[in-house]
>>> print(open('protein-v9.pdb').read())   # PDB, C-alpha atoms
ATOM      1  CA  MET A   1       0.000   0.000   0.000
ATOM      2  CA  ALA A   2       0.929   3.692   0.100
ATOM      3  CA  PRO A   3       0.618   6.678   2.433
ATOM      4  CA  TYR A   4      -2.946   7.940   2.922
ATOM      5  CA  LEU A   5      -2.953  10.829   0.456
ATOM      6  CA  ASP A   6      -1.750   8.494  -2.316
ATOM      7  CA  THR A   7      -4.724   6.174  -1.750
ATOM      8  CA  VAL A   8      -7.569   8.690  -2.124
ATOM      9  CA  THR A   9      -8.766  11.007  -4.873
ATOM     10  CA  SER A  10      -7.052  14.387  -4.578
ATOM     11  CA  PHE A  11      -9.049  17.560  -5.117
ATOM     12  CA  ALA A  12      -6.328  18.366  -7.653
ATOM     13  CA  GLU A  13      -7.751  15.505  -9.756
ATOM     14  CA  VAL A  14     -11.320  16.871  -9.802
ATOM     15  CA  PRO A  15     -12.162  18.061 -13.351
ATOM     16  CA  ILE A  16     -13.382  21.642 -13.667
ATOM     17  CA  THR A  17     -14.853  22.824 -16.980
ATOM     18  CA  ASP A  18     -16.914  25.781 -18.156
ATOM     19  CA  ALA A  19     -19.962  23.816 -16.988
ATOM     20  CA  GLY A  20     -18.583  23.560 -13.465
ATOM     21  CA  VAL A  21     -17.021  21.180 -10.943
ATOM     22  CA  ASP A  22     -17.443  17.468 -11.690
ATOM     23  CA  THR A  23     -19.907  16.134  -9.114
ATOM     24  CA  LEU A  24     -18.792  12.522  -8.739
ATOM     25  CA  ALA A  25     -15.065  13.311  -8.603
ATOM     26  CA  PHE A  26     -15.730  16.034  -6.028
ATOM     27  CA  LEU A  27     -17.740  13.642  -3.850
ATOM     28  CA  LYS A  28     -15.013  11.011  -4.087
ATOM     29  CA  ALA A  29     -12.363  13.530  -3.029
ATOM     30  CA  SER A  30     -14.621  14.710  -0.195
ATOM     31  CA  GLU A  31     -14.906  11.141   1.071
ATOM     32  CA  GLY A  32     -11.107  11.040   1.149
ATOM     33  CA  LEU A  33     -11.100  14.138   3.333
ATOM     34  CA  VAL A  34     -13.579  12.499   5.738
ATOM     35  CA  GLY A  35     -11.141   9.592   6.095
ATOM     36  CA  LEU A  36      -8.394  12.036   6.994
ATOM     37  CA  PHE A  37     -10.111  12.602  10.339
ATOM     38  CA  ASP A  38      -9.430   8.962  11.201
ATOM     39  CA  LEU A  39      -5.752   9.895  11.250
ATOM     40  CA  LEU A  40      -6.513  12.540  13.848
ATOM     41  CA  GLY A  41      -7.429   9.578  16.026
ATOM     42  CA  SER A  42      -9.999  11.237  18.244
ATOM     43  CA  ALA A  43     -13.580  10.084  18.745
ATOM     44  CA  ALA A  44     -14.405  13.751  19.340
ATOM     45  CA  PHE A  45     -14.108  14.337  15.591
ATOM     46  CA  SER A  46     -16.866  11.810  14.887
ATOM     47  CA  VAL A  47     -19.408  14.655  14.894
ATOM     48  CA  VAL A  48     -17.437  16.403  12.137
ATOM     49  CA  GLN A  49     -17.182  13.209  10.105
ATOM     50  CA  SER A  50     -20.863  12.461  10.572
ATOM     51  CA  ASP A  51     -21.822  15.929   9.383
ATOM     52  CA  LEU A  52     -19.585  15.711   6.310
ATOM     53  CA  ARG A  53     -20.836  12.223   5.436
ATOM     54  CA  GLY A  54     -24.462  13.271   5.826
ATOM     55  CA  ASN A  55     -24.022  16.176   3.447
ATOM     56  CA  ILE A  56     -22.122  14.046   0.923
ATOM     57  CA  THR A  57     -25.080  11.620   1.022
ATOM     58  CA  LYS A  58     -27.551  14.437   0.270
ATOM     59  CA  VAL A  59     -25.595  15.582  -2.769
ATOM     60  CA  ARG A  60     -25.084  12.014  -4.018
ATOM     61  CA  ALA A  61     -28.803  11.255  -3.643
ATOM     62  CA  ARG A  62     -29.657  14.190  -5.889
ATOM     63  CA  TYR A  63     -27.091  13.058  -8.449
ATOM     64  CA  ASP A  64     -28.558   9.550  -8.432
ATOM     65  CA  GLU A  65     -32.058  10.966  -8.976
ATOM     66  CA  ALA A  66     -31.078  13.174 -11.918
ATOM     67  CA  PRO A  67     -27.537  12.386 -13.126
ATOM     68  CA  THR A  68     -27.718  14.255 -16.444
ATOM     69  CA  LEU A  69     -28.892  17.399 -14.649
ATOM     70  CA  SER A  70     -26.333  17.027 -11.878
ATOM     71  CA  ASN A  71     -23.051  16.099 -13.541
ATOM     72  CA  THR A  72     -21.506  19.315 -12.230
ATOM     73  CA  LEU A  73     -22.198  20.847  -8.849
ATOM     74  CA  GLU A  74     -23.310  24.105 -10.423
ATOM     75  CA  LYS A  75     -25.848  22.320 -12.648
ATOM     76  CA  LEU A  76     -27.109  20.301  -9.691
ATOM     77  CA  VAL A  77     -27.817  23.466  -7.694
ATOM     78  CA  GLU A  78     -29.379  25.313 -10.639
ATOM     79  CA  ASN A  79     -31.664  22.404 -11.471
ATOM     80  CA  GLU A  80     -32.849  22.043  -7.884
ATOM     81  CA  LYS A  81     -33.596  25.758  -7.604
ATOM     82  CA  GLY A  82     -37.326  25.533  -8.338
ATOM     83  CA  GLU A  83     -38.017  22.772  -5.833
ATOM     84  CA  LYS A  84     -39.530  23.301  -2.403
ATOM     85  CA  LYS A  85     -36.927  21.572  -0.291
ATOM     86  CA  ARG A  86     -33.509  21.855  -2.093
ATOM     87  CA  LYS A  87     -31.907  19.232   0.157
ATOM     88  CA  ALA A  88     -28.815  18.810  -2.010
ATOM     89  CA  THR A  89     -28.265  22.565  -2.308
ATOM     90  CA  GLU A  90     -28.355  22.910   1.470
ATOM     91  CA  GLY A  91     -26.230  19.793   1.933
ATOM     92  CA  LEU A  92     -23.585  21.085  -0.474
ATOM     93  CA  MET A  93     -23.581  24.485   1.245
ATOM     94  CA  TRP A  94     -22.780  22.854   4.603
ATOM     95  CA  LEU A  95     -20.335  20.428   3.021
ATOM     96  CA  LEU A  96     -18.409  23.365   1.550
ATOM     97  CA  ARG A  97     -18.277  25.009   4.974
ATOM     98  CA  GLY A  98     -16.920  21.833   6.555
ATOM     99  CA  LEU A  99     -14.354  21.406   3.797
ATOM    100  CA  GLN A 100     -13.280  25.026   4.144
ATOM    101  CA  PHE A 101     -12.795  24.552   7.902
ATOM    102  CA  THR A 102     -10.541  21.542   7.360
ATOM    103  CA  CYS A 103      -8.686  23.206   4.499
ATOM    104  CA  LYS A 104      -7.942  26.385   6.463
ATOM    105  CA  ALA A 105      -6.763  24.361   9.463
ATOM    106  CA  LEU A 106      -4.309  22.270   7.471
ATOM    107  CA  GLN A 107      -3.128  25.249   5.399
ATOM    108  CA  GLY A 108      -2.415  27.046   8.665
ATOM    109  CA  ALA A 109      -0.495  24.031   9.964
ATOM    110  CA  GLN A 110       1.524  23.909   6.734
ATOM    111  CA  ALA A 111       2.286  27.634   6.824
ATOM    112  CA  ASN A 112       3.411  27.577  10.456
ATOM    113  CA  THR A 113       5.358  24.397  11.119
ATOM    114  CA  SER A 114       5.767  25.183  14.819
ATOM    115  CA  GLU A 115       2.015  25.437  15.411
ATOM    116  CA  GLU A 116       0.194  22.503  16.962
ATOM    117  CA  LEU A 117      -2.945  21.183  15.250
ATOM    118  CA  ALA A 118      -5.240  22.201  18.115
ATOM    119  CA  VAL A 119      -4.229  25.826  17.524
ATOM    120  CA  ALA A 120      -4.517  25.571  13.735
ATOM    121  CA  PHE A 121      -7.974  23.983  13.911
ATOM    122  CA  GLY A 122      -9.103  26.519  16.512
ATOM    123  CA  LYS A 123      -8.071  29.461  14.330
ATOM    124  CA  ALA A 124      -9.741  27.900  11.284
ATOM    125  CA  TYR A 125     -12.970  27.315  13.196
ATOM    126  CA  ASP A 126     -13.102  30.967  14.247
ATOM    127  CA  VAL A 127     -13.060  32.171  10.619
ATOM    128  CA  THR A 128     -15.242  29.473   9.038
ATOM    129  CA  LEU A 129     -17.879  27.490  10.947
ATOM    130  CA  LYS A 130     -18.163  29.403  14.215
ATOM    131  CA  ALA A 131     -20.504  32.061  12.825
ATOM    132  CA  PHE A 132     -23.039  29.400  11.815
ATOM    133  CA  HIS A 133     -23.083  27.383  15.052
ATOM    134  CA  ASN A 134     -25.127  27.733  18.218
ATOM    135  CA  PHE A 135     -23.708  27.521  21.727
ATOM    136  CA  VAL A 136     -24.085  23.737  21.996
ATOM    137  CA  VAL A 137     -22.379  22.977  18.680
ATOM    138  CA  LYS A 138     -19.577  25.418  19.470
ATOM    139  CA  GLY A 139     -18.949  23.430  22.647
ATOM    140  CA  ILE A 140     -18.783  20.160  20.732
ATOM    141  CA  PHE A 141     -16.255  21.578  18.302
ATOM    142  CA  SER A 142     -14.225  23.065  21.140
ATOM    143  CA  VAL A 143     -13.859  19.609  22.691
ATOM    144  CA  ALA A 144     -12.929  18.077  19.323
ATOM    145  CA  MET A 145     -10.208  20.617  18.629
ATOM    146  CA  LYS A 146      -8.671  20.237  22.081
ATOM    147  CA  ALA A 147      -8.449  16.504  21.348
ATOM    148  CA  CYS A 148      -6.277  17.015  18.251
ATOM    149  CA  PRO A 149      -3.146  14.853  18.269
ATOM    150  CA  TYR A 150       0.304  16.324  18.381
ATOM    151  CA  ARG A 151       1.322  17.635  15.002
ATOM    152  CA  ALA A 152       4.291  15.234  14.755
ATOM    153  CA  ASP A 153       2.047  12.218  15.406
ATOM    154  CA  PHE A 154      -0.452  13.291  12.736
ATOM    155  CA  PHE A 155       2.195  13.872  10.081
ATOM    156  CA  ASN A 156       3.860  10.567  10.915
ATOM    157  CA  LYS A 157       0.493   8.902  10.232
ATOM    158  CA  LEU A 158       0.234  10.797   6.942
ATOM    159  CA  LYS A 159       3.647   9.456   5.927
ATOM    160  CA  ALA A 160       3.040   5.904   7.091
ATOM    161  CA  ASP A 161       2.375   2.926   4.845
ATOM    162  CA  PRO A 162      -0.514   0.962   6.428
ATOM    163  CA  ALA A 163       0.957  -2.218   4.947
ATOM    164  CA  GLY A 164       4.132  -1.750   6.948
ATOM    165  CA  GLY A 165       6.405  -0.538   4.169
ATOM    166  CA  SER A 166       8.803   2.379   4.379
ATOM    167  CA  PRO A 167       7.155   5.728   5.179
ATOM    168  CA  ALA A 168       6.965   8.425   2.524
ATOM    169  CA  SER A 169       9.408  11.307   2.684
ATOM    170  CA  ASP A 170       8.492  14.661   4.195
ATOM    171  CA  ASP A 171       8.875  16.273   0.761
ATOM    172  CA  HIS A 172       6.488  13.779  -0.847
ATOM    173  CA  VAL A 173       3.789  14.231   1.795
ATOM    174  CA  ASN A 174       4.129  18.025   1.886
ATOM    175  CA  GLU A 175       3.879  18.288  -1.901
ATOM    176  CA  ALA A 176       0.825  16.008  -2.037
ATOM    177  CA  LEU A 177      -0.879  17.804   0.855
ATOM    178  CA  ASN A 178      -0.152  21.286  -0.491
ATOM    179  CA  ASN A 179      -1.502  20.368  -3.949
ATOM    180  CA  TRP A 180      -4.577  18.772  -2.364
ATOM    181  CA  LEU A 181      -5.273  21.829  -0.201
ATOM    182  CA  ALA A 182      -4.658  24.392  -2.954
ATOM    183  CA  ALA A 183      -7.116  22.619  -5.251
ATOM    184  CA  LEU A 184      -9.679  22.271  -2.454
ATOM    185  CA  ASP A 185      -9.348  25.957  -1.596
ATOM    186  CA  GLY A 186      -9.937  26.873  -5.240
ATOM    187  CA  ILE A 187     -13.042  24.688  -5.520
ATOM    188  CA  VAL A 188     -14.543  25.975  -2.256
ATOM    189  CA  THR A 189     -13.919  29.603  -3.243
ATOM    190  CA  ARG A 190     -15.419  29.037  -6.696
ATOM    191  CA  LEU A 191     -18.568  27.402  -5.354
ATOM    192  CA  GLN A 192     -19.108  29.799  -2.471
ATOM    193  CA  THR A 193     -18.892  32.669  -4.977
ATOM    194  CA  PHE A 194     -21.437  30.830  -7.161
ATOM    195  CA  TYR A 195     -23.767  30.376  -4.170
ATOM    196  CA  LYS A 196     -23.571  34.029  -3.195
ATOM    197  CA  ALA A 197     -24.030  35.343  -6.737
ATOM    198  CA  GLY A 198     -27.099  33.190  -7.318
ATOM    199  CA  GLY A 199     -28.613  33.588  -3.849
ATOM    200  CA  HIS A 200     -28.433  29.808  -3.455
ATOM    201  CA  ASP A 201     -27.504  30.109   0.226
ATOM    202  CA  LYS A 202     -30.804  31.785   1.104
ATOM    203  CA  GLY A 203     -34.034  30.268   2.378
ATOM    204  CA  PHE A 204     -32.728  27.600   4.743
TER     205      PHE A 204
END
>>> encode(input="protein-v9.pdb", output="structure tokens")
Amino acid sequence: MAPYLDTVTSFAEVPITDAGVDTLAFLKASEGLVGLFDLLGSAAFSVVQSDLRGNITKVRARYDEAPTLSNTLEKLVENEKGEKKRKATEGLMWLLRGLQFTCKALQGAQANTSEELAVAFGKAYDVTLKAFHNFVVKGIFSVAMKACPYRADFFNKLKADPAGGSPASDDHVNEALNNWLAALDGIVTRLQTFYKAGGHDKGF
């Protein structure tokens, strides 16, 4: 086998055309991000994983119902616009927020190599999800972030080969992670701009 990031679909591999972001490739890459929380090794993050998985399921259900109208995320949202409940549109909106939270946290950890993950995730939460959460949910996230592993332990898990082979080099993991995060950041920014321009984030 190979280190974790080599075994999942990278956001850098998600096709983006004039029609938008490829739905199935995006969902596959998002599932890879959910698995990343397993490396954080804390049951406290189960609420984050559950939320991400639930929103992935909502988007996938819409795709399965109308694949030709949902082959890009933008088309999926546009074609659900006239419906009463817009479950996939709301699910994607929250999925993007969760992805942005994770992306900002790991970008912060990459930019400041002396910063522990608990600090990086805390800073990311303050500028992404915090504004949308009530007191109870804020408390849950606070517990999760305090339970982050030491940065060295997390990156050792990122480098490790689950099959017991030699770990990947720091350069290999950093390059893969930076490419993954840069592509994710671009997709999130693109889609959040699309949501705002079309008023797709209203009415929930």
>>> closest_atom_pairs(input="protein-v9.pdb", of="region 32-68 of chain A", to="region 74-80 of chain A", cutoff="10 Å", atoms="all atoms listed in the file", output="CSV")
residue,atom,partner,partner_atom,distance
A:Val59,CA,A:Leu76,CA,8.5
A:Arg62,CA,A:Leu76,CA,7.6
A:Tyr63,CA,A:Leu76,CA,7.3
A:Ala66,CA,A:Leu76,CA,8.5
A:Pro67,CA,A:Leu76,CA,8.6
A:Thr68,CA,A:Leu76,CA,9.1
>>> atom_distance(input="protein-v9.pdb", atom1="CA of Val143 (chain A)", atom2="CA of Gln100 (chain A)")
19.3 Å
>>> residues_around(input="protein-v9.pdb", residues="Val47 (chain A)", least_positions_apart="2", cutoff="10 Å", atoms="all atoms listed in the file", output="list of chain:residue names")
A:Ala43, A:Ala44, A:Phe45, A:Gln49, A:Ser50, A:Asp51, A:Leu52, A:Arg53, A:Val137, A:Ile140, A:Phe141, A:Ala144
>>> resolve_selection(input="protein-v9.pdb", expression="the PyMOL selection byres ((chain A and resi 11) around 9)", output="list in words")
Thr9, Ser10, Ala12, Glu13, Val14, Pro15, Ala25, Phe26, Lys28, Ala29, Ser30, Asn179, Trp180, Leu181, Ala182, Ala183, Leu184 and Ile187 of chain A
>>> resolve_selection(input="protein-v9.pdb", expression="the PyMOL selection byres ((chain A and resi 2) around 10)", output="number ranges by chain")
A: 1, 3-7, 158-168
>>> atom_distance(input="protein-v9.pdb", atom1="CA of Ile56 (chain A)", atom2="CA of Thr23 (chain A)")
10.5 Å
>>> closest_residue(input="protein-v9.pdb", among="A:Met145, A:Leu92, A:Gly108, A:Ala131", to="Val48 (chain A)", atoms="only C-alpha atoms")
A:Met145
>>> closest_residue(input="protein-v9.pdb", among="A:Cys103, A:Leu95, A:Phe155, A:Ala19", to="His172 (chain A)", atoms="only C-alpha atoms")
A:Phe155
>>> closest_residue(input="protein-v9.pdb", among="A:Ala88, A:Val119, A:Leu40, A:Leu96", to="Arg190 (chain A)", atoms="only C-alpha atoms")
A:Leu96
>>> resolve_selection(input="protein-v9.pdb", expression="the PyMOL selection byres ((chain A and resi 204) around 10)", output="PyMOL selection string")
chain A and resi 85-87+89-90+200-203
>>> closest_residue(input="protein-v9.pdb", among="A:Val21, A:Phe194, A:Gly41, A:Asn178", to="Ala111 (chain A)", atoms="all atoms listed in the file")
A:Asn178
>>> closest_residue(input="protein-v9.pdb", among="A:Lys84, A:Gly20, A:Lys138, A:Asp153", to="Ser70 (chain A)", atoms="all atoms listed in the file")
A:Gly20
>>> closest_residue(input="protein-v9.pdb", among="A:Thr102, A:Ser46, A:Thr72, A:Ser169", to="Thr128 (chain A)", atoms="all atoms listed in the file")
A:Thr102
>>> atom_distance(input="protein-v9.pdb", atom1="CA of Gly199 (chain A)", atom2="CA of Gly82 (chain A)")
12.7 Å
>>> residues_near_point(input="protein-v9.pdb", point="(-8.0, 28.5, 8.8)", cutoff="7 Å", atoms="only C-alpha atoms", output="list in words")
Phe101, Cys103, Lys104, Ala105, Gln107, Gly108, Ala120, Phe121, Lys123, Ala124, Tyr125 and Val127 of chain A
